[in-house]
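S.K.: Input file: data11.txt. Contents: compact mmCIF, C-alpha atoms.
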# COMPACT_ATOMS: atom_id res chain seq x y z
CA MET A 1 0.00 0.00 0.00
CA ALA A 2 2.94 2.32 0.62
CA THR A 3 4.06 1.76 -2.94
CA PHE A 4 0.51 2.35 -4.15
CA ASN A 5 0.49 5.73 -2.41
CA LYS A 6 3.83 6.66 -3.94
CA VAL A 7 2.50 5.94 -7.43
CA TRP A 8 0.01 8.80 -7.25
CA LYS A 9 2.78 11.17 -6.23
CA ASN A 10 4.88 10.18 -9.26
CA PRO A 11 3.76 11.95 -12.47
CA ASP A 12 5.79 9.65 -14.71
CA LEU A 13 4.25 6.49 -13.22
CA LYS A 14 0.74 7.94 -13.42
CA ARG A 15 1.35 8.70 -17.08
CA LYS A 16 2.55 5.15 -17.72
CA ILE A 17 -0.45 3.64 -15.92
CA PHE A 18 -2.83 5.89 -17.86
CA PHE A 19 -1.15 4.90 -21.14
CA THR A 20 -1.40 1.19 -20.28
CA THR A 21 -5.08 1.63 -19.42
CA MET A 22 -5.73 3.30 -22.79
CA ILE A 23 -4.06 0.38 -24.57
CA PHE A 24 -6.31 -2.03 -22.64
CA ILE A 25 -9.36 -0.05 -23.76
CA VAL A 26 -8.26 -0.25 -27.40
CA TYR A 27 -7.71 -3.98 -26.96
CA ARG A 28 -11.17 -4.49 -25.45
CA ILE A 29 -12.80 -2.51 -28.26
CA GLY A 30 -11.11 -4.78 -30.80
CA VAL A 31 -12.43 -7.87 -29.01
CA PHE A 32 -15.98 -6.86 -29.94
CA ILE A 33 -15.29 -6.15 -33.64
CA PRO A 34 -16.24 -9.37 -35.48
CA VAL A 35 -14.55 -10.48 -38.68
CA PRO A 36 -16.88 -9.60 -41.59
CA GLY A 37 -18.53 -12.51 -43.39
CA VAL A 38 -18.68 -14.82 -40.36
CA ASN A 39 -21.73 -16.32 -38.65
CA THR A 40 -20.93 -15.42 -35.05
CA GLU A 41 -23.89 -17.41 -33.67
CA VAL A 42 -22.23 -20.61 -34.89
CA VAL A 43 -19.01 -19.61 -33.13
CA ARG A 44 -20.78 -19.05 -29.81
CA ALA A 45 -22.26 -22.53 -29.99
CA THR A 46 -18.84 -23.99 -30.75
CA MET A 47 -17.36 -22.33 -27.62
CA GLN A 48 -19.29 -24.83 -25.49
CA GLN A 49 -16.59 -27.41 -26.25
CA PRO A 50 -13.91 -27.52 -23.51
CA VAL A 51 -10.85 -26.76 -25.65
CA PHE A 52 -12.47 -23.75 -27.30
CA GLY A 53 -13.70 -22.49 -23.93
CA PHE A 54 -10.11 -22.72 -22.67
CA LEU A 55 -8.77 -20.74 -25.65
CA ASP A 56 -11.60 -18.24 -25.41
CA ALA A 57 -10.59 -17.45 -21.83
CA PHE A 58 -7.00 -16.80 -22.89
CA THR A 59 -8.13 -14.47 -25.70
CA GLY A 60 -10.39 -12.50 -23.40
CA GLY A 61 -13.54 -13.66 -25.20
CA ALA A 62 -12.20 -12.64 -28.62
CA LEU A 63 -12.47 -16.16 -30.00
CA GLY A 64 -16.08 -16.46 -28.86
CA THR A 65 -17.02 -13.40 -30.92
CA PHE A 66 -14.54 -14.37 -33.68
CA SER A 67 -13.25 -10.82 -33.60
CA VAL A 68 -10.23 -9.38 -35.37
CA PHE A 69 -8.25 -10.27 -32.20
CA ALA A 70 -9.50 -13.90 -32.16
CA MET A 71 -5.97 -15.36 -32.14
CA SER A 72 -4.64 -12.83 -29.64
CA ILE A 73 -0.84 -13.19 -29.38
CA SER A 74 -0.74 -17.00 -29.36
CA PRO A 75 1.20 -17.05 -32.70
CA TYR A 76 3.87 -14.91 -31.06
CA ILE A 77 4.09 -17.32 -28.13
CA ASN A 78 4.50 -20.25 -30.53
CA ALA A 79 7.11 -18.34 -32.53
CA SER A 80 8.99 -17.56 -29.31
CA ILE A 81 9.11 -21.26 -28.43
CA ILE A 82 10.46 -22.15 -31.86
CA VAL A 83 13.10 -19.39 -31.90
CA GLN A 84 14.24 -20.18 -28.35
CA LEU A 85 14.75 -23.83 -29.28
CA LEU A 86 16.54 -22.92 -32.51
CA GLN A 87 19.01 -20.80 -30.53
CA MET A 88 20.35 -23.96 -28.88
CA ASP A 89 23.03 -24.31 -31.61
CA VAL A 90 20.41 -25.56 -34.11
CA ILE A 91 20.80 -22.47 -36.30
CA PRO A 92 24.30 -20.98 -35.78
CA ILE A 93 23.33 -17.41 -36.67
CA LEU A 94 20.63 -17.36 -33.96
CA ALA A 95 23.10 -18.77 -31.43
CA GLU A 96 25.55 -15.98 -32.35
CA TRP A 97 22.90 -13.30 -32.01
CA SER A 98 21.96 -14.59 -28.56
CA LYS A 99 25.52 -13.80 -27.41
CA GLU A 100 25.65 -10.27 -28.87
CA GLY A 101 23.78 -8.54 -26.08
CA GLU A 102 21.08 -5.95 -26.82
CA SER A 103 21.77 -5.76 -30.56
CA GLY A 104 21.44 -9.54 -30.84
CA LYS A 105 18.20 -9.49 -28.83
CA ARG A 106 16.73 -6.93 -31.22
CA LYS A 107 17.59 -9.11 -34.21
CA ILE A 108 16.11 -12.22 -32.57
CA ASN A 109 13.00 -10.25 -31.59
CA GLN A 110 12.57 -9.12 -35.21
CA VAL A 111 12.88 -12.69 -36.48
CA THR A 112 10.37 -13.84 -33.85
CA ARG A 113 7.86 -11.25 -35.02
CA TYR A 114 8.21 -12.16 -38.69
CA LEU A 115 7.79 -15.83 -37.79
CA SER A 116 4.78 -15.04 -35.60
CA LEU A 117 3.02 -13.33 -38.54
CA ILE A 118 3.69 -16.33 -40.77
CA LEU A 119 2.32 -18.67 -38.11
CA ALA A 120 -0.63 -16.33 -37.59
CA PHE A 121 -1.56 -16.50 -41.27
CA VAL A 122 -1.31 -20.30 -41.35
CA GLN A 123 -3.23 -20.64 -38.09
CA ALA A 124 -5.93 -18.21 -39.24
CA LEU A 125 -6.37 -20.02 -42.56
CA ALA A 126 -6.64 -23.37 -40.78
CA MET A 127 -9.09 -21.87 -38.27
CA ALA A 128 -11.37 -20.50 -41.00
CA ILE A 129 -11.37 -23.79 -42.92
CA GLY A 130 -11.76 -25.85 -39.75
CA PHE A 131 -14.68 -23.90 -38.31
CA ASN A 132 -16.44 -24.04 -41.67
CA MET A 133 -15.92 -27.80 -41.99
CA MET A 134 -17.01 -28.44 -38.41
CA ASN A 135 -20.27 -26.51 -38.94
CA ASN A 136 -21.11 -28.00 -42.34
CA GLY A 137 -20.38 -24.85 -44.33
CA ILE A 138 -22.64 -22.45 -42.40
CA PHE A 139 -19.78 -20.75 -40.54
CA LEU A 140 -18.95 -18.49 -43.50
CA LEU A 141 -21.52 -16.31 -45.20
CA GLY A 142 -19.62 -16.81 -48.46
CA GLN A 143 -17.62 -19.69 -49.94
CA GLY A 144 -14.39 -20.06 -51.88
CA TRP A 145 -10.66 -19.66 -51.32
CA LEU A 146 -10.84 -15.88 -51.61
CA VAL A 147 -13.10 -15.80 -48.55
CA TYR A 148 -10.67 -17.99 -46.61
CA LEU A 149 -7.71 -15.81 -47.61
CA TYR A 150 -9.64 -12.65 -46.70
CA ILE A 151 -10.41 -13.95 -43.20
CA ALA A 152 -6.82 -15.15 -42.74
CA ILE A 153 -5.46 -11.72 -43.70
CA VAL A 154 -7.87 -9.93 -41.32
CA LEU A 155 -6.95 -12.21 -38.40
CA THR A 156 -3.23 -11.89 -39.16
CA ALA A 157 -3.60 -8.11 -39.18
CA GLY A 158 -5.34 -8.39 -35.80
CA THR A 159 -2.39 -10.32 -34.40
CA ALA A 160 0.00 -7.71 -35.80
CA ILE A 161 -2.00 -4.97 -34.05
CA MET A 162 -1.89 -6.98 -30.81
CA LEU A 163 1.91 -7.23 -31.07
CA PHE A 164 2.10 -3.49 -31.69
CA LEU A 165 -0.05 -2.79 -28.63
CA SER A 166 2.05 -5.10 -26.46
CA ASP A 167 5.23 -3.38 -27.67
CA GLN A 168 3.77 0.01 -26.77
CA ILE A 169 3.00 -1.21 -23.24
CA THR A 170 6.55 -2.51 -22.85
CA ALA A 171 8.09 0.73 -24.15
CA LYS A 172 5.79 3.38 -22.69
CA GLY A 173 3.61 1.64 -20.11
CA ILE A 174 3.89 -0.62 -17.08
CA GLY A 175 5.05 -4.24 -17.15
CA ASN A 176 5.83 -6.63 -19.97
CA GLY A 177 3.40 -5.95 -22.82
CA THR A 178 2.87 -9.57 -23.85
CA SER A 179 2.15 -10.71 -20.31
CA MET A 180 -0.08 -7.72 -19.61
CA ILE A 181 -2.21 -8.40 -22.71
CA ILE A 182 -2.67 -12.03 -21.63
CA VAL A 183 -3.59 -10.97 -18.10
CA ALA A 184 -6.03 -8.35 -19.43
CA GLY A 185 -7.82 -11.05 -21.39
CA ILE A 186 -7.98 -13.40 -18.41
CA VAL A 187 -9.20 -10.74 -15.96
CA THR A 188 -12.12 -9.83 -18.22
CA GLN A 189 -13.34 -13.43 -17.93
CA ILE A 190 -13.51 -13.34 -14.12
CA PRO A 191 -17.13 -12.03 -14.05
CA ARG A 192 -18.17 -14.93 -16.29
CA MET A 193 -16.42 -17.37 -13.95
CA ILE A 194 -18.25 -15.87 -10.98
CA GLY A 195 -21.54 -16.05 -12.88
CA ASP A 196 -20.97 -19.71 -13.76
CA LEU A 197 -20.09 -20.46 -10.15
CA TYR A 198 -23.26 -18.73 -8.95
CA SER A 199 -25.59 -20.37 -11.47
CA TYR A 200 -24.07 -23.80 -10.87
CA TYR A 201 -23.97 -23.82 -7.07
CA LEU A 202 -25.84 -20.91 -5.51
CA VAL A 203 -29.16 -20.91 -7.37
CA ASN A 204 -30.21 -23.78 -5.15
CA LEU A 205 -28.88 -23.07 -1.68
CA THR A 206 -28.11 -26.48 -0.25
CA ILE A 207 -25.47 -27.45 2.28
CA PRO A 208 -23.37 -29.44 -0.25
CA ASN A 209 -23.44 -26.54 -2.74
CA ILE A 210 -22.45 -24.00 -0.09
CA LEU A 211 -19.60 -26.24 1.07
CA ALA A 212 -18.47 -26.63 -2.55
CA VAL A 213 -18.32 -22.85 -3.05
CA VAL A 214 -16.39 -22.41 0.21
CA ALA A 215 -13.95 -25.13 -0.87
CA ILE A 216 -13.42 -23.48 -4.28
CA ILE A 217 -12.83 -20.05 -2.72
CA ALA A 218 -10.41 -21.57 -0.19
CA LEU A 219 -8.57 -23.33 -3.02
CA ILE A 220 -8.27 -20.06 -4.94
CA LEU A 221 -6.90 -18.24 -1.87
CA LEU A 222 -4.39 -21.03 -1.18
CA THR A 223 -3.33 -20.93 -4.84
CA VAL A 224 -2.74 -17.19 -4.66
CA ILE A 225 -0.66 -17.58 -1.49
CA GLY A 226 1.29 -20.44 -3.07
CA VAL A 227 2.02 -18.42 -6.21
CA VAL A 228 3.24 -15.47 -4.16
CA TYR A 229 5.66 -17.65 -2.18
CA LEU A 230 6.76 -19.43 -5.35
CA GLN A 231 7.52 -16.18 -7.17
CA LEU A 232 9.35 -14.55 -4.25
CA ALA A 233 11.33 -17.49 -2.84
CA THR A 234 15.07 -17.02 -3.45
CA ARG A 235 18.22 -18.99 -2.68
CA LYS A 236 21.06 -16.58 -1.89
CA LEU A 237 24.59 -17.83 -2.60
CA PRO A 238 27.20 -15.73 -0.73
CA ILE A 239 30.16 -14.41 -2.69
CA GLN A 240 33.46 -12.83 -1.65
CA TYR A 241 35.87 -10.55 -3.50
CA ALA A 242 39.55 -11.40 -3.69
CA ASN A 243 40.54 -7.71 -3.91
CA ARG A 244 38.37 -6.59 -0.98
CA HIS A 245 40.20 -5.61 2.17
CA ASN A 246 40.20 -8.25 4.90
CA SER A 247 38.57 -5.88 7.40
CA ALA A 248 35.60 -5.53 5.04
CA GLN A 249 35.24 -9.30 4.93
CA LEU A 250 35.54 -9.62 8.70
CA SER A 251 33.07 -6.84 9.47
CA GLY A 252 30.16 -9.25 9.25
CA ARG A 253 28.66 -7.83 6.07
CA LYS A 254 26.80 -10.44 4.06
CA ASP A 255 25.19 -8.22 1.44
CA SER A 256 27.14 -9.77 -1.45
CA PHE A 257 25.33 -12.75 -2.87
CA ILE A 258 23.93 -14.32 -6.02
CA PRO A 259 20.11 -14.51 -5.86
CA LEU A 260 18.72 -17.66 -7.48
CA LYS A 261 14.93 -17.63 -7.64
CA LEU A 262 13.08 -20.83 -6.86
CA ASN A 263 11.13 -20.27 -10.06
CA SER A 264 13.41 -18.39 -12.44
CA ALA A 265 11.15 -19.11 -15.41
CA GLY A 266 8.08 -17.36 -13.96
CA VAL A 267 4.74 -18.21 -15.58
CA ILE A 268 6.24 -18.81 -19.04
CA PRO A 269 6.32 -22.65 -18.74
CA VAL A 270 2.58 -22.83 -18.00
CA ILE A 271 1.70 -20.45 -20.85
CA PHE A 272 3.89 -22.32 -23.31
CA ALA A 273 2.71 -25.78 -22.23
CA SER A 274 -1.00 -24.91 -22.39
CA THR A 275 -0.61 -23.13 -25.74
CA LEU A 276 1.44 -25.95 -27.23
CA LEU A 277 -1.18 -28.56 -26.33
CA SER A 278 -4.19 -26.40 -27.20
CA LEU A 279 -3.14 -25.87 -30.83
CA PRO A 280 -3.22 -29.53 -31.98
CA LEU A 281 -6.32 -30.08 -29.87
CA THR A 282 -8.01 -27.23 -31.73
CA VAL A 283 -7.12 -28.76 -35.09
CA ILE A 284 -8.45 -32.16 -33.96
CA ASN A 285 -11.84 -30.66 -33.12
CA PHE A 286 -12.21 -29.42 -36.69
CA PHE A 287 -12.32 -32.96 -38.08
CA PRO A 288 -15.10 -35.57 -37.72
CA GLU A 289 -14.81 -37.90 -34.77
CA SER A 290 -12.86 -41.07 -35.56
CA GLY A 291 -10.50 -43.49 -33.91
CA PHE A 292 -7.48 -41.41 -34.95
CA THR A 293 -8.89 -38.12 -33.61
CA ASN A 294 -9.95 -39.85 -30.38
CA VAL A 295 -6.39 -41.10 -29.82
CA LEU A 296 -4.97 -37.62 -30.48
CA GLY A 297 -7.58 -36.16 -28.14
CA ILE A 298 -6.42 -38.49 -25.38
CA LEU A 299 -2.83 -37.35 -25.96
CA PHE A 300 -3.46 -33.59 -25.99
CA ASP A 301 -6.62 -32.96 -23.95
CA PHE A 302 -4.97 -32.16 -20.63
CA ASN A 303 -8.28 -30.96 -19.14
CA ASN A 304 -10.06 -34.29 -19.49
CA SER A 305 -7.42 -36.98 -20.16
CA ILE A 306 -4.95 -38.53 -17.72
CA ILE A 307 -2.38 -39.07 -20.49
CA GLY A 308 -2.85 -35.51 -21.73
CA LEU A 309 -2.39 -34.25 -18.17
CA LEU A 310 0.87 -36.23 -17.83
CA ILE A 311 2.16 -34.72 -21.09
CA TYR A 312 1.14 -31.29 -19.77
CA ILE A 313 3.13 -31.93 -16.59
CA ILE A 314 6.19 -33.08 -18.57
CA LEU A 315 6.04 -29.93 -20.73
CA ILE A 316 5.77 -27.67 -17.68
CA VAL A 317 8.79 -29.32 -16.03
CA GLY A 318 10.78 -29.27 -19.29
CA PHE A 319 10.06 -25.61 -20.02
CA THR A 320 10.80 -24.67 -16.39
CA TYR A 321 14.29 -26.20 -16.58
CA PHE A 322 14.87 -24.79 -20.06
CA TYR A 323 14.00 -21.21 -19.13
CA ALA A 324 15.69 -21.39 -15.74
CA PHE A 325 19.01 -22.16 -17.41
CA VAL A 326 18.32 -19.52 -20.09
CA GLN A 327 17.59 -16.84 -17.50
CA VAL A 328 20.45 -17.88 -15.19
CA SER A 329 23.27 -19.18 -17.33
CA PRO A 330 25.79 -20.86 -14.95
CA GLU A 331 28.52 -20.47 -17.57
CA LYS A 332 28.01 -16.70 -17.88
CA VAL A 333 27.64 -16.21 -14.12
CA ALA A 334 30.87 -18.14 -13.44
CA GLU A 335 32.67 -16.14 -16.12
CA ASN A 336 31.46 -12.81 -14.73
CA LEU A 337 32.47 -13.76 -11.19
CA LYS A 338 35.96 -14.62 -12.41
CA LYS A 339 36.28 -11.32 -14.28
CA GLN A 340 35.19 -9.37 -11.18
CA GLY A 341 37.67 -11.19 -8.97
CA SER A 342 34.91 -12.72 -6.86
CA TYR A 343 34.15 -16.28 -5.88
CA ILE A 344 31.78 -18.49 -3.92
CA PRO A 345 33.37 -19.51 -0.59
CA GLY A 346 34.68 -23.07 -0.78
CA VAL A 347 34.34 -23.27 -4.58
CA ARG A 348 37.15 -22.66 -7.06
CA PRO A 349 36.54 -20.03 -9.75
CA GLY A 350 35.92 -21.15 -13.32
CA ALA A 351 34.67 -24.63 -14.18
CA ASP A 352 34.07 -25.65 -10.55
CA THR A 353 31.88 -22.58 -9.98
CA GLU A 354 29.90 -23.32 -13.13
CA GLU A 355 29.36 -26.93 -12.03
CA TYR A 356 28.34 -25.83 -8.53
CA LEU A 357 25.87 -23.26 -9.88
CA SER A 358 24.38 -25.85 -12.24
CA LYS A 359 23.81 -28.30 -9.39
CA VAL A 360 22.21 -25.69 -7.12
CA LEU A 361 20.04 -24.34 -9.94
CA SER A 362 18.93 -27.86 -10.88
CA ARG A 363 17.89 -28.66 -7.32
CA ILE A 364 15.91 -25.48 -6.68
CA THR A 365 14.38 -25.59 -10.18
CA PHE A 366 13.11 -29.10 -9.45
CA ILE A 367 11.22 -27.75 -6.44
CA GLY A 368 9.99 -24.78 -8.48
CA ALA A 369 8.83 -27.03 -11.33
CA LEU A 370 6.92 -29.29 -8.94
CA SER A 371 5.28 -26.25 -7.37
CA LEU A 372 4.20 -25.01 -10.81
CA VAL A 373 2.79 -28.44 -11.62
CA VAL A 374 0.78 -28.59 -8.39
CA ILE A 375 -0.66 -25.09 -8.82
CA ALA A 376 -1.50 -25.54 -12.51
CA CYS A 377 -2.86 -29.09 -12.27
CA LEU A 378 -4.72 -29.14 -8.96
CA PRO A 379 -7.94 -27.56 -10.35
CA ILE A 380 -7.78 -29.87 -13.38
CA VAL A 381 -7.45 -32.95 -11.17
CA LEU A 382 -10.31 -31.78 -8.97
CA SER A 383 -12.47 -31.19 -12.04
CA MET A 384 -11.83 -34.77 -13.15
CA LEU A 385 -13.01 -36.01 -9.77
CA THR A 386 -15.92 -33.59 -9.36
CA GLU A 387 -18.35 -31.74 -11.60
CA ILE A 388 -17.54 -28.04 -11.72
CA PRO A 389 -18.05 -25.48 -14.50
CA GLN A 390 -15.53 -25.46 -17.34
CA SER A 391 -14.59 -21.84 -16.64
CA ILE A 392 -13.51 -22.76 -13.09
CA ARG A 393 -11.37 -25.65 -14.31
CA ILE A 394 -8.65 -23.33 -15.59
CA GLY A 395 -8.55 -21.41 -12.32
CA GLY A 396 -5.09 -22.69 -11.34
CA THR A 397 -3.48 -21.69 -14.63
CA THR A 398 -5.17 -18.29 -14.78
CA ILE A 399 -4.39 -17.46 -11.16
CA LEU A 400 -0.78 -18.50 -11.70
CA ILE A 401 -0.46 -16.19 -14.68
CA VAL A 402 -2.35 -13.24 -13.17
CA VAL A 403 -0.60 -13.31 -9.79
CA GLY A 404 2.82 -13.99 -11.33
CA VAL A 405 2.53 -11.05 -13.72
CA ALA A 406 1.09 -8.85 -10.94
CA ILE A 407 4.12 -9.55 -8.74
CA GLU A 408 6.58 -8.75 -11.53
CA THR A 409 4.67 -5.56 -12.38
CA ALA A 410 4.60 -4.53 -8.72
CA LYS A 411 8.38 -5.01 -8.54
CA GLN A 412 8.80 -2.79 -11.59
CA VAL A 413 6.63 -0.11 -10.00
CA GLN A 414 8.65 -0.30 -6.77
CA THR A 415 11.88 0.02 -8.72
CA LYS A 416 10.59 3.10 -10.52
CA THR A 417 9.45 4.74 -7.29
CA MET A 418 12.89 4.09 -5.78
CA ASP A 419 14.58 5.56 -8.87
CA GLN A 420 12.43 8.68 -8.52
CA ARG A 421 13.36 8.99 -4.84
CA TYR A 422 17.09 8.68 -5.58
CA GLN A 423 16.83 11.26 -8.38
CA GLY A 424 15.12 13.68 -6.01
CA PHE A 425 17.85 13.09 -3.39
CA ILE A 426 20.62 13.77 -5.94
CA LYS A 427 18.92 16.92 -7.19
For the structure just supplied, provide its representation as structure tokens.
M.R.:
Amino acid sequence: MATFNKVWKNPDLKRKIFFTTMIFIVYRIGVFIPVPGVNTEVVRATMQQPVFGFLDAFTGGALGTFSVFAMSISPYINASIIVQLLQMDVIPILAEWSKEGESGKRKINQVTRYLSLILAFVQALAMAIGFNMMNNGIFLLGQGWLVYLYIAIVLTAGTAIMLFLSDQITAKGIGNGTSMIIVAGIVTQIPRMIGDLYSYYLVNLTIPNILAVVAIIALILLTVIGVVYLQLATRKLPIQYANRHNSAQLSGRKDSFIPLKLNSAGVIPVIFASTLLSLPLTVINFFPESGFTNVLGILFDFNNSIIGLLIYIILIVGFTYFYAFVQVSPEKVAENLKKQGSYIPGVRPGADTEEYLSKVLSRITFIGALSLVVIACLPIVLSMLTEIPQSIRIGGTTILIVVGVAIETAKQVQTKTMDQRYQGFIK
């Protein structure tokens, strides 16, 4: 609350918050602009299927109205996954750019955006054809390849606008633009979740229904608390400097350390895992039911299939380790410590430090990955054992994303208020 009070005394922060709010308003307006030539009533009926309801929540209801923002920034997320994997010495030029600092990041970011637009066009074309096939040709008000291409171009343009809006938030607003757009879409679905919860349990006030609502609210609160602890937990590795005077080392100061977060990857593993499984599941739903589509549904439907849930867990753990070692590179940290003349007590500089950091990071990331799995999968498991509304089933994932992004944004706000205080002190 102290930070909240400082925000309103900081003109620059107020301007950034106002700018971010305006971007959200533009985004919400676009959600309600349907693609011309589409039967939106057919789309609303299709949203009753679990996988489409899941995607609709992530797009902030844009898919349900089949608006120009129907794909949101999911193509960019997929492109980011592909580019990140290709940087692992698969494509040498990308690996070189990843080592060039800010200039390399700008080049990789540009490639990611070009790739995301290509994926957006392919995904939009497949979506238009798939929805039309699934609804026996009544999805589109016109027929022919020109209609498909037209819809694909409109949806791709919508994704491009979404990327532009997210970039503007990152550059001139508060928080990471991509994460903020995702959170904005999720938050707008909260009233619908509350409405579903009310209509499902509280229309008929019985003791079992009241207990069920209390249990769901308690689970949500525990999830929020768990996410907060998961995002803030840090392992501090003490370091010493070889060129520091002995009296400084003996004075009892222990403010020099390497902070290793329990969950260095943040909410990215959950977003990537859910998006990666939702795409093939969406394509499967476009085709008539058969033995082949049923098998694929079992593999990818992590909301209703045990095997799909296990694959979802494996992807979360894999992405958590991958991004933890991307965010905290033991090799680079060991190299920087050596250049600065510092070391971890009891560990030799160089290769031994890198090996030690890798072991510590692996151990704490294992705990972080398990925590992510529990938070993301607990509502899904409960939904398999009980009957609750589909919108409540994704509560763990949505809470994880919203709270995780909120914590990171709050940290950014605190940093900016501290910067303003220091500037005022210097002046």
S.K.: I'd like to know which of A:Ala334, A:Val26, A:Ile364, A:Asn303 is closest to Val347 of chain A, using all atoms listed in the file.
M.R.: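 For Val347 of chain A, the nearest of the candidates is A:Ala334.
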S.K.: Given the choices A:Asn10, A:Asn176, A:Thr21, A:Asn135, which gets closest to Ala410 of chain A if the distance is worked out from all atoms listed in the file?
M.R.: A:Asn176
S.K.: One number please: atom CA of Thr415 of chain A to atom CA of Gln231 of chain A, in Å, one decimal.
M.R.: 16.8 Å
S.K.: Counting all atoms listed in the file, write as a PyMOL selection string all protein and nucleic acid residues lying at most 12 Å from (-1.8, -15.2, -3.2) in the file's frame.
M.R.: chain A and resi 218-232+375+396+399-404+406-407
S.K.: Quick one: of A:Leu94, A:Leu140, A:Leu117, A:Leu86, who's nearest to Asn39 of chain A, counting all atoms listed in the file?
M.R.: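 For Asn39 of chain A, the nearest of the given residues is A:Leu140.
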S.K.: Nearest to Ser329 of chain A: which of A:Ser179, A:Ser342, A:Thr353, A:Ser67 is it, counting all atoms listed in the file?
M.R.: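 When distances to Ser329 of chain A are compared using all atoms listed in the file, the smallest one comes from A:Thr353.
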S.K.: Can you work out which one of A:Leu277, A:Val333, A:Ala79, A:Ala369 has the shortest atom-to-atom distance to Tyr321 of chain A, counting all atoms listed in the file?
M.R.: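 Between A:Leu277, A:Val333, A:Ala79, A:Ala369, the residue approaching Tyr321 of chain A most closely is A:Ala369.
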S.K.: Take the point (21.6, -9.1, -3.4) in the file's coordinates, draw a sphere of radius 12 Å around it, and report as an NGL selection string every protein, DNA or RNA residue with an atom inside or on it, counting all atoms listed in the file.
M.R.: :A and (234-239 or 253-261)
S.K.: Excluding Val68 of chain A and residues on its chain fewer than 5 positions from it, collect all residues at most 10 Å away from it, counting only C-alpha atoms, and give them as an NGL selection string.
M.R.: :A and (30-36 or 62-63 or 151-159 or 161-162)
S.K.: Go ahead and write the residues just picked, C-alpha atoms, as a PDB file, in the frame of the given file.
M.R.:
ATOM      1  CA  GLY A  30     -11.110  -4.780 -30.800  1.00  0.00           C
ATOM      2  CA  VAL A  31     -12.430  -7.870 -29.010  1.00  0.00           C
ATOM      3  CA  PHE A  32     -15.980  -6.860 -29.940  1.00  0.00           C
ATOM      4  CA  ILE A  33     -15.290  -6.150 -33.640  1.00  0.00           C
ATOM      5  CA  PRO A  34     -16.240  -9.370 -35.480  1.00  0.00           C
ATOM      6  CA  VAL A  35     -14.550 -10.480 -38.680  1.00  0.00           C
ATOM      7  CA  PRO A  36     -16.880  -9.600 -41.590  1.00  0.00           C
ATOM      8  CA  ALA A  62     -12.200 -12.640 -28.620  1.00  0.00           C
ATOM      9  CA  LEU A  63     -12.470 -16.160 -30.000  1.00  0.00           C
ATOM     10  CA  ILE A 151     -10.410 -13.950 -43.200  1.00  0.00           C
ATOM     11  CA  ALA A 152      -6.820 -15.150 -42.740  1.00  0.00           C
ATOM     12  CA  ILE A 153      -5.460 -11.720 -43.700  1.00  0.00           C
ATOM     13  CA  VAL A 154      -7.870  -9.930 -41.320  1.00  0.00           C
ATOM     14  CA  LEU A 155      -6.950 -12.210 -38.400  1.00  0.00           C
ATOM     15  CA  THR A 156      -3.230 -11.890 -39.160  1.00  0.00           C
ATOM     16  CA  ALA A 157      -3.600  -8.110 -39.180  1.00  0.00           C
ATOM     17  CA  GLY A 158      -5.340  -8.390 -35.800  1.00  0.00           C
ATOM     18  CA  THR A 159      -2.390 -10.320 -34.400  1.00  0.00           C
ATOM     19  CA  ILE A 161      -2.000  -4.970 -34.050  1.00  0.00           C
ATOM     20  CA  MET A 162      -1.890  -6.980 -30.810  1.00  0.00           C
TER      21      MET A 162
END
S.K.: Please measure the separation of atom CA of Ala124 of chain A and atom CA of Glu41 of chain A, giving the value in Å to one decimal.
M.R.: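 Value for the atom CA of Ala124 of chain A-atom CA of Glu41 of chain A distance: 18.8 Å.
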S.K.: Taking into account all atoms listed in the file, which residue in the set A:Phe164, A:Gln84, A:Ala215, A:Asp196 is nearest to Gln327 of chain A?
M.R.: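 Checking each of A:Phe164, A:Gln84, A:Ala215, A:Asp196 against Gln327 of chain A, counting all atoms listed in the file, the winner is A:Gln84.
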S.K.: Can you measure atom CA of Phe300 of chain A to atom CA of Ile314 of chain A for me? One decimal in Å is fine.
M.R.: 12.2 Å
S.K.: If we count all atoms listed in the file and set the cut-off at 9 Å, which residues sit around Ser264 of chain A, ignoring sequence neighbours fewer than 5 positions away in its own chain? Please answer as a VMD selection string.
M.R.: chain A and resid 231 320 to 321 323 to 325 327 to 328 365 368
S.K.: Excluding Thr398 of chain A and residues on its chain fewer than 6 positions from it, collect all residues at most 12 Å away from it, counting all atoms listed in the file, and give them as JSON, numbers by chain.
M.R.: {"A": [54, 55, 57, 58, 59, 60, 179, 182, 183, 184, 185, 186, 187, 188, 189, 190, 193, 220, 223, 224, 227, 267, 270, 271, 274, 375, 376, 377, 379, 380, 391, 392, 404, 405, 406]}
